[in-house]
>>> print(open('start-v8.txt').read())   # compact mmCIF, C-alpha atoms
# COMPACT_ATOMS: atom_id res chain seq x y z
CA MET A 9 -53.77 -22.26 32.66
CA VAL A 10 -51.16 -20.77 35.01
CA PHE A 11 -52.89 -17.52 36.05
CA LEU A 12 -55.77 -18.97 38.01
CA THR A 13 -56.43 -15.98 40.40
CA LEU A 14 -56.81 -12.24 39.58
CA SER A 15 -53.67 -11.28 41.50
CA CYS A 16 -51.53 -13.50 39.26
CA TRP A 17 -52.73 -11.56 36.15
CA LEU A 18 -51.18 -8.31 37.45
CA ARG A 19 -47.72 -7.68 36.01
CA ASN A 20 -45.29 -4.83 36.70
CA ARG A 21 -45.19 -3.01 33.32
CA GLY A 22 -42.24 -0.85 34.38
CA PRO A 23 -42.10 2.57 36.02
CA HIS A 24 -44.40 5.36 35.01
CA ARG A 25 -43.18 7.63 32.18
CA TYR A 26 -42.71 10.45 34.72
CA TRP A 27 -40.13 8.48 36.67
CA LYS A 28 -38.26 7.39 33.53
CA VAL A 29 -38.07 11.03 32.39
CA GLN A 30 -36.99 12.26 35.84
CA GLU A 31 -34.16 9.72 35.92
CA VAL A 32 -32.61 11.56 32.95
CA LEU A 33 -33.66 15.14 33.76
CA SER A 34 -32.27 14.94 37.31
CA HIS A 35 -28.76 14.69 35.78
CA ALA A 36 -29.45 17.70 33.52
CA ARG A 37 -30.83 20.22 36.00
CA HIS A 38 -27.59 22.27 36.14
CA PHE A 39 -27.30 22.60 32.34
CA ARG A 40 -27.82 25.79 30.37
CA GLY A 41 -30.76 26.42 28.05
CA ARG A 42 -33.62 24.11 27.16
CA LYS A 43 -31.58 20.99 27.72
CA ASN A 44 -32.27 21.28 31.46
CA ARG A 45 -36.04 21.07 30.88
CA CYS A 46 -36.92 19.31 27.64
CA TYR A 47 -36.46 15.54 27.61
CA SER A 48 -35.36 15.04 23.98
CA LEU A 49 -32.64 17.68 24.25
CA ALA A 50 -31.69 16.56 27.76
CA VAL A 51 -31.20 12.93 26.78
CA ARG A 52 -28.51 13.88 24.23
CA ALA A 53 -26.82 16.32 26.58
CA VAL A 54 -26.78 13.85 29.48
CA ARG A 55 -25.28 11.13 27.28
CA ARG A 56 -22.49 13.53 26.19
CA ALA A 57 -21.92 14.53 29.80
CA PHE A 58 -21.53 10.92 30.91
CA VAL A 59 -19.13 10.23 28.02
CA TYR A 60 -17.01 13.24 29.02
CA ALA A 61 -17.05 12.06 32.63
CA THR A 62 -15.73 8.60 31.70
CA LYS A 63 -13.01 10.00 29.47
CA SER A 64 -11.89 12.59 32.00
CA ARG A 65 -11.24 10.06 34.76
CA LYS A 66 -7.95 9.35 32.97
CA LEU A 67 -7.39 13.05 32.18
CA LYS A 68 -7.77 13.98 35.85
CA GLN A 69 -4.75 11.92 36.82
CA ARG A 70 -2.70 13.47 34.01
CA ASN A 71 -3.73 17.02 34.94
CA MET A 72 -3.05 16.49 38.64
CA ARG A 73 0.46 15.22 37.90
CA LYS A 74 1.08 18.20 35.62
CA LEU A 75 -0.04 20.55 38.41
CA TRP A 76 2.21 18.86 40.97
CA ILE A 77 5.17 19.08 38.61
CA SER A 78 4.66 22.81 37.94
CA ARG A 79 4.31 23.48 41.69
CA ILE A 80 7.48 21.53 42.51
CA ALA A 81 9.31 23.34 39.69
CA ALA A 82 8.22 26.73 41.07
CA ALA A 83 9.30 25.83 44.60
CA SER A 84 12.67 24.43 43.51
CA ARG A 85 13.36 27.53 41.41
CA GLU A 86 12.78 29.58 44.55
CA HIS A 87 15.72 27.65 46.01
CA GLY A 88 17.88 28.05 42.90
CA MET A 89 17.40 24.59 41.41
CA LYS A 90 15.54 23.30 38.38
CA TYR A 91 12.87 20.61 38.54
CA PRO A 92 14.64 17.85 36.49
CA VAL A 93 17.85 18.32 38.49
CA LEU A 94 15.93 18.06 41.78
CA ILE A 95 14.02 14.92 40.80
CA HIS A 96 17.05 13.17 39.31
CA ASN A 97 19.19 13.80 42.39
CA LEU A 98 16.41 12.80 44.79
CA VAL A 99 16.04 9.54 42.87
CA LYS A 100 19.80 9.00 43.07
CA CYS A 101 19.60 9.48 46.86
CA SER A 102 16.82 6.83 46.86
CA VAL A 103 14.26 9.33 48.22
CA GLN A 104 11.05 7.74 46.98
CA LEU A 105 8.72 10.68 47.63
CA ASN A 106 6.21 11.05 44.80
CA ARG A 107 5.27 14.32 43.14
CA LYS A 108 2.02 14.62 45.10
CA VAL A 109 3.83 14.54 48.44
CA LEU A 110 6.61 16.82 47.18
CA SER A 111 4.11 19.46 46.06
CA ASP A 112 2.26 19.27 49.39
CA LEU A 113 5.57 19.65 51.25
CA ALA A 114 6.48 22.62 49.06
CA ILE A 115 3.25 24.36 50.06
CA THR A 116 2.77 23.45 53.72
CA GLU A 117 6.31 22.49 54.88
CA PRO A 118 8.69 24.94 53.20
CA LYS A 119 11.62 24.14 55.48
CA SER A 120 11.38 20.41 54.77
CA PHE A 121 11.31 21.16 51.04
CA LEU A 122 14.38 23.38 51.46
CA SER A 123 16.21 20.53 53.16
CA LEU A 124 15.28 18.19 50.29
CA ALA A 125 16.56 20.76 47.79
CA LYS A 126 19.85 21.02 49.70
CA LEU A 127 20.13 17.22 49.76
CA ALA A 128 19.67 17.12 46.00
CA ARG A 129 22.25 19.90 45.54
CA ALA A 130 24.79 18.01 47.67
CA ARG A 131 24.22 14.80 45.73
CA GLN A 132 24.62 16.77 42.48
CA GLN A 133 27.98 18.17 43.63
CA GLU A 134 29.07 14.67 44.62
CA GLY A 135 28.12 13.44 41.17
CA PHE A 136 30.18 16.20 39.57
CA GLY A 137 33.09 15.36 41.84
CA ALA A 138 32.91 11.67 40.97
CA ALA A 139 32.74 12.48 37.25
CA LEU A 140 35.67 14.90 37.33
CA GLY A 141 37.66 12.71 39.69
CA ASP A 142 40.06 13.69 42.48
CA ARG A 143 37.87 15.07 45.22
CA LYS A 144 39.54 15.49 48.59
CA GLU A 145 36.47 14.66 50.72
CA PRO A 146 35.61 11.01 51.37
CA PRO A 147 33.85 9.78 48.24
CA GLY A 148 30.10 9.65 48.21
CA VAL A 149 28.53 10.67 51.52
CA PHE A 150 25.06 10.88 49.92
CA SER A 151 25.76 8.48 47.09
CA ARG A 152 26.61 5.71 49.54
CA ILE A 153 23.09 4.28 49.81
CA VAL A 154 22.90 1.88 52.75
CA THR A 155 20.52 -1.00 52.07
CA LEU A 156 19.40 -2.68 55.28
CA GLN A 157 19.05 -6.44 54.92
CA MET B 12 5.85 33.49 59.87
CA SER B 13 3.87 30.73 61.57
CA SER B 14 3.51 32.86 64.68
CA PHE B 15 1.13 35.23 62.82
CA THR B 16 -2.64 34.71 62.80
CA LYS B 17 -4.09 32.44 60.14
CA SER B 18 -5.87 35.30 58.43
CA ALA B 19 -2.68 37.39 58.27
CA GLN B 20 -0.74 34.42 56.91
CA GLN B 21 -3.37 33.80 54.22
CA TRP B 22 -3.38 37.49 53.28
CA ALA B 23 0.39 37.42 52.91
CA THR B 24 0.32 34.21 50.84
CA PHE B 25 -2.26 35.38 48.34
CA ALA B 26 -1.24 39.03 48.09
CA ARG B 27 -0.28 40.34 44.67
CA SER B 28 3.32 41.61 44.47
CA TRP B 29 4.76 44.19 42.10
CA TYR B 30 8.03 43.21 40.42
CA LEU B 31 10.41 45.63 38.68
CA ILE B 32 12.65 44.61 35.75
CA ASP B 33 15.24 46.89 34.14
CA ALA B 34 15.42 46.03 30.46
CA ARG B 35 18.50 48.14 29.62
CA MET B 36 20.81 46.17 27.29
CA GLN B 37 18.76 42.99 27.82
CA PRO B 38 17.35 40.63 25.17
CA PRO B 39 13.57 41.23 25.00
CA GLY B 40 12.82 37.50 24.79
CA LYS B 41 14.47 36.75 28.12
CA ILE B 42 12.69 39.73 29.71
CA ALA B 43 9.41 38.44 28.29
CA THR B 44 9.83 34.91 29.72
CA MET B 45 10.48 36.34 33.18
CA CYS B 46 7.39 38.57 32.86
CA ALA B 47 5.17 35.76 31.55
CA ILE B 48 6.13 33.40 34.39
CA ARG B 49 5.33 36.00 37.02
CA LEU B 50 2.13 37.23 35.37
CA GLN B 51 0.74 33.69 35.37
CA GLY B 52 1.88 33.00 38.93
CA LYS B 53 4.00 30.03 37.92
CA HIS B 54 6.78 31.17 40.25
CA LYS B 55 4.64 30.30 43.29
CA PRO B 56 4.24 26.76 44.69
CA ILE B 57 0.50 27.51 45.22
CA TYR B 58 0.00 27.95 41.46
CA HIS B 59 -3.31 26.98 39.88
CA ALA B 60 -4.65 28.22 36.55
CA LEU B 61 -8.00 29.23 38.05
CA SER B 62 -6.65 30.89 41.20
CA ASP B 63 -5.85 34.30 39.63
CA ILE B 64 -2.54 34.22 41.39
CA GLY B 65 -0.41 36.33 39.02
CA ASP B 66 1.54 39.39 40.07
CA HIS B 67 2.10 42.81 38.53
CA VAL B 68 5.31 43.30 36.53
CA VAL B 69 6.78 46.72 35.71
CA VAL B 70 9.38 46.82 32.93
CA MET B 71 11.42 50.00 32.55
CA ASN B 72 13.90 51.14 29.87
CA THR B 73 12.13 49.21 27.12
CA ARG B 74 13.57 51.72 24.66
CA HIS B 75 17.06 50.38 25.45
CA ILE B 76 16.52 46.67 24.85
CA ALA B 77 19.20 44.83 22.89
CA PHE B 78 18.43 42.17 20.33
CA SER B 79 21.27 39.72 19.64
CA GLY B 80 22.50 39.03 16.13
CA ASN B 81 20.98 40.90 13.18
CA LYS B 82 17.43 40.79 14.50
CA TRP B 83 17.00 44.56 14.39
CA GLU B 84 17.15 44.29 10.57
CA GLN B 85 15.91 40.73 10.00
CA LYS B 86 13.06 40.17 12.50
CA MET B 87 9.72 40.98 10.90
CA TYR B 88 6.52 41.83 12.72
CA SER B 89 3.46 41.20 10.55
CA SER B 90 -0.13 42.33 10.84
CA HIS B 91 -3.19 42.55 8.62
CA THR B 92 -5.77 45.32 8.61
CA GLN B 93 -8.48 42.83 7.45
CA TYR B 94 -8.92 44.87 4.27
CA PRO B 95 -7.75 43.35 0.97
CA GLY B 96 -4.13 44.19 0.29
CA GLY B 97 -3.74 45.21 3.93
CA PHE B 98 -0.87 42.87 4.85
CA LYS B 99 1.77 44.95 6.62
CA GLN B 100 5.28 43.79 7.49
CA VAL B 101 7.56 45.92 9.59
CA THR B 102 11.13 45.31 10.73
CA ALA B 103 11.95 45.37 14.43
CA THR B 104 13.78 48.69 14.03
CA GLN B 105 10.81 50.40 12.40
CA LEU B 106 8.40 49.03 15.02
CA HIS B 107 10.72 50.10 17.84
CA LEU B 108 10.99 53.62 16.46
CA LYS B 109 7.22 53.83 16.06
CA ASP B 110 6.45 52.49 19.56
CA PRO B 111 9.29 51.60 21.99
CA LYS B 112 7.04 49.41 24.16
CA ALA B 113 5.63 47.26 21.31
CA ILE B 114 8.42 44.68 21.03
CA VAL B 115 8.31 43.66 24.70
CA LYS B 116 4.50 43.80 24.70
CA LEU B 117 4.19 41.49 21.69
CA ALA B 118 6.83 39.13 23.11
CA VAL B 119 4.98 38.78 26.43
CA TYR B 120 1.60 38.48 24.67
CA GLY B 121 2.91 35.55 22.65
CA MET B 122 4.30 33.80 25.72
CA LEU B 123 1.11 33.89 27.78
CA PRO B 124 -1.40 31.01 27.47
CA ARG B 125 -4.00 31.56 24.77
CA ASN B 126 -7.04 31.80 27.01
CA LEU B 127 -9.33 34.48 28.36
CA HIS B 128 -6.92 35.23 31.23
CA ARG B 129 -4.34 36.56 28.78
CA ARG B 130 -5.91 40.02 28.45
CA THR B 131 -6.18 40.38 32.25
CA MET B 132 -2.54 39.38 32.63
CA MET B 133 -1.51 41.92 29.96
CA GLN B 134 -3.34 44.59 31.94
CA ARG B 135 -1.11 43.72 34.91
CA LEU B 136 2.02 44.25 32.79
CA HIS B 137 3.26 47.86 32.91
CA LEU B 138 5.81 48.97 30.33
CA PHE B 139 7.79 52.21 30.42
CA PRO B 140 10.21 53.28 27.67
CA GLU B 141 12.50 55.22 30.07
CA ASP B 142 13.24 54.87 33.77
CA ASP B 143 10.94 57.65 35.00
CA LEU B 144 8.09 55.78 36.66
CA PRO B 145 4.95 57.42 38.01
CA GLU B 146 4.59 57.93 41.77
CA ASP B 147 1.84 55.40 42.43
CA ILE B 148 3.75 52.61 40.68
CA LEU B 149 6.98 53.49 42.49
CA GLN B 150 5.15 53.20 45.78
CA SER B 151 3.59 49.81 45.04
CA LEU B 152 6.84 48.11 43.88
CA THR B 153 7.94 45.28 46.17
CA GLU B 154 10.93 43.58 44.53
CA GLU B 155 13.43 44.15 41.76
CA LEU B 156 14.43 41.11 39.73
CA PRO B 157 18.05 40.54 38.64
CA GLN B 158 18.79 41.11 34.97
CA PRO B 159 19.00 37.92 32.88
CA ARG B 160 22.02 39.02 30.85
CA GLU B 161 25.29 40.32 32.26
CA VAL B 162 25.91 43.67 30.58
CA PRO B 163 29.44 43.80 29.12
CA ARG B 164 31.52 46.90 29.82
CA ARG B 165 32.97 49.10 27.09
CA LEU B 166 36.76 49.50 26.85
CA ASP B 167 36.63 53.02 28.31
CA GLU B 168 34.62 51.74 31.31
CA TYR B 169 37.57 49.62 32.48
CA THR B 170 40.02 51.36 34.83
CA ARG B 171 43.64 51.88 33.80
CA GLU B 172 44.86 49.31 36.37
CA GLU B 173 42.47 46.64 35.04
CA ARG B 174 43.62 47.32 31.48
CA ASP B 175 47.31 47.07 32.49
CA THR B 176 46.91 43.90 34.55
CA PHE B 177 44.74 42.13 31.93
CA PRO B 178 46.64 39.03 30.67
CA ARG B 179 48.19 39.53 27.25
CA LEU B 180 49.09 36.72 24.86
CA TRP B 181 52.19 38.47 23.49
CA ILE B 182 53.66 41.97 23.77
CA PRO B 183 54.61 43.49 20.40
CA PRO B 184 58.09 45.04 20.07
CA GLU B 185 58.54 48.86 19.99
CA ASP B 186 58.80 49.21 16.22
CA TYR B 187 55.94 46.79 15.39
CA LYS B 188 53.52 48.42 12.98
CA MET B 189 49.87 47.52 13.66
CA ILE B 190 47.65 47.92 10.64
>>> encode(input="start-v8.txt", output="structure tokens")
Amino acid sequence: MVFLTLSCWLRNRGPHRYWKVQEVLSHARHFRGRKNRCYSLAVRAVRRAFVYATKSRKLKQRNMRKLWISRIAAASREHGMKYPVLIHNLVKCSVQLNRKVLSDLAITEPKSFLSLAKLARARQQEGFGAALGDRKEPPGVFSRIVTLQ
Amino acid sequence: MSSFTKSAQQWATFARSWYLIDARMQPPGKIATMCAIRLQGKHKPIYHALSDIGDHVVVMNTRHIAFSGNKWEQKMYSSHTQYPGGFKQVTATQLHLKDPKAIVKLAVYGMLPRNLHRRTMMQRLHLFPEDDLPEDILQSLTEELPQPREVPRRLDEYTREERDTFPRLWIPPEDYKMI
């Protein structure tokens, strides 16, 4: 026989029902209706809530990017440019600022954003000049990207 | 701007402006896109759907809008009275004669997002068939927006000098008979 003393016969049968119920209800306290009080309803609602939370971790990134893009588009239209033109020309100038930083600049540093918009406009004009040929200025001031070795 | 106090700067950033658009000889669709963008607040870099950041837009001369093509005869506006046999279809001309503000209103309503903010944004849109605006609206206007379409001039609106100096392809002889 293994359990020779009384203390060895005592096993932990798991937490009390109260604590198991509280573990679920604590996540449901801010819900509407009886699902914030009654365990059977709360269990289903909490499971749905956790499923939505897992799925929306991906959605959050998508929504944030959409918000940044609409903010950058609004700010660039204030300066007379459209969003795809701005992004394409910034990429051609090898400005690797992402949309998050661009939207923050548009809100808190308007003059820096204006300078970026002017840079993109200049690069666009250079692109037009190169496509149409025969520009009198030295070719490609902004399109000459210097790569430091 | 950055020399003002923080509270004054915040007040200026989040204040609601009143824009004026003259719709004389303009396509109502283009007017409606401009209105919808400003009612939602999408023209501001601080845009967020929940921020209630839209502005007021006042459109005047809605009676004098100009559809392109044959839309006055061909564009149909449909509605249903929810009673059987209550399907009504009206051409743009008939609707415009019945209510001169309806075309622009329906165009803007269709361009706003289909959520509960749409009705609030429509309340911030003010339409006037002619250019006589009430006093309180005239006082709250902040900016006038440029018209989307360049209005062409009639032949009698050109001066004699402009008509004479306009380049001609060929000059007909004296006895040429134009039919």
>>> closest_residue(input="start-v8.txt", among="A:Leu94, A:Ala82, A:Leu127, A:Ala139", to="chain B", atoms="all atoms listed in the file")
A:Ala82
>>> atom_distance(input="start-v8.txt", atom1="atom CA of Ser111 of chain A", atom2="atom CA of Tyr91 of chain A")
11.6 Å
>>> residues_near_point(input="start-v8.txt", point="(15.1, 36.2, 31.6)", cutoff="8 Å", atoms="all atoms listed in the file", output="PyMOL selection string")
chain B and resi 40-45+158-160
>>> closest_residue(input="start-v8.txt", among="A:Ser78, A:Thr13, A:Gln132, A:Asn44", to="chain B", atoms="all atoms listed in the file")
A:Ser78
>>> interface_residues(input="start-v8.txt", of="chain A", to="chain B", cutoff="9 Å", atoms="only C-alpha atoms", output="MDAnalysis selection string")
chainID A and resid 75:76 78:86 111 114:115
>>> residues_around(input="start-v8.txt", residues="Lys126 of chain A", least_positions_apart="3", cutoff="12 Å", atoms="all atoms listed in the file", output="PDB file with C-alpha atoms, in the coordinates of the input")
ATOM      1  CA  SER A  84      12.670  24.430  43.510  1.00  0.00           C
ATOM      2  CA  HIS A  87      15.720  27.650  46.010  1.00  0.00           C
ATOM      3  CA  GLY A  88      17.880  28.050  42.900  1.00  0.00           C
ATOM      4  CA  MET A  89      17.400  24.590  41.410  1.00  0.00           C
ATOM      5  CA  VAL A  93      17.850  18.320  38.490  1.00  0.00           C
ATOM      6  CA  LEU A  94      15.930  18.060  41.780  1.00  0.00           C
ATOM      7  CA  ASN A  97      19.190  13.800  42.390  1.00  0.00           C
ATOM      8  CA  LEU A  98      16.410  12.800  44.790  1.00  0.00           C
ATOM      9  CA  CYS A 101      19.600   9.480  46.860  1.00  0.00           C
ATOM     10  CA  LYS A 119      11.620  24.140  55.480  1.00  0.00           C
ATOM     11  CA  SER A 120      11.380  20.410  54.770  1.00  0.00           C
ATOM     12  CA  PHE A 121      11.310  21.160  51.040  1.00  0.00           C
ATOM     13  CA  LEU A 122      14.380  23.380  51.460  1.00  0.00           C
ATOM     14  CA  SER A 123      16.210  20.530  53.160  1.00  0.00           C
ATOM     15  CA  ARG A 129      22.250  19.900  45.540  1.00  0.00           C
ATOM     16  CA  ALA A 130      24.790  18.010  47.670  1.00  0.00           C
ATOM     17  CA  ARG A 131      24.220  14.800  45.730  1.00  0.00           C
ATOM     18  CA  GLN A 132      24.620  16.770  42.480  1.00  0.00           C
ATOM     19  CA  GLN A 133      27.980  18.170  43.630  1.00  0.00           C
ATOM     20  CA  PHE A 150      25.060  10.880  49.920  1.00  0.00           C
TER      21      PHE A 150
END
>>> residues_around(input="start-v8.txt", residues="Gln30 of chain A", least_positions_apart="3", cutoff="12 Å", atoms="only C-alpha atoms", output="ChimeraX atom specification")
/A:23-27,33-37,44-47,50-51
>>> residues_near_point(input="start-v8.txt", point="(-1.7, 38.8, 49.0)", cutoff="12 Å", atoms="all atoms listed in the file", output="PyMOL selection string")
chain B and resi 18-29+63-67+153
>>> atom_distance(input="start-v8.txt", atom1="atom CA of Leu149 of chain B", atom2="atom CA of Ala77 of chain B")
24.7 Å
>>> atom_distance(input="start-v8.txt", atom1="atom CA of Pro39 of chain B", atom2="atom CA of Glu84 of chain B")
15.2 Å
>>> residues_around(input="start-v8.txt", residues="Lys108 of chain A", least_positions_apart="2", cutoff="9 Å", atoms="only C-alpha atoms", output="ChimeraX atom specification")
/A:72-73,76-77,105-106,110-113
>>> closest_residue(input="start-v8.txt", among="B:Glu161, B:Gln51, B:Asp33, B:Leu108", to="Met133 of chain B", atoms="all atoms listed in the file")
B:Gln51
>>> decode(input="start-v8.txt", residues="segment 32-45 of chain A", atoms="C-alpha atoms", output="mmCIF file, in the first residue's frame")
data_model
loop_
_atom_site.group_PDB
_atom_site.id
_atom_site.type_symbol
_atom_site.label_atom_id
_atom_site.label_comp_id
_atom_site.auth_asym_id
_atom_site.auth_seq_id
_atom_site.Cartn_x
_atom_site.Cartn_y
_atom_site.Cartn_z
ATOM 1 C CA VAL A 32 -15.474 32.758 -16.708
ATOM 2 C CA LEU A 33 -17.779 35.436 -15.257
ATOM 3 C CA SER A 34 -14.882 37.844 -14.631
ATOM 4 C CA HIS A 35 -14.449 38.111 -18.435
ATOM 5 C CA ALA A 36 -18.191 38.743 -18.892
ATOM 6 C CA ARG A 37 -18.824 41.482 -16.338
ATOM 7 C CA HIS A 38 -18.997 44.270 -18.969
ATOM 8 C CA PHE A 39 -21.543 42.448 -21.160
ATOM 9 C CA ARG A 40 -25.164 43.440 -21.615
ATOM 10 C CA GLY A 41 -28.117 41.469 -20.269
ATOM 11 C CA ARG A 42 -28.114 38.200 -18.355
ATOM 12 C CA LYS A 43 -24.900 37.023 -19.936
ATOM 13 C CA ASN A 44 -22.958 39.115 -17.409
ATOM 14 C CA ARG A 45 -24.517 37.209 -14.480
#
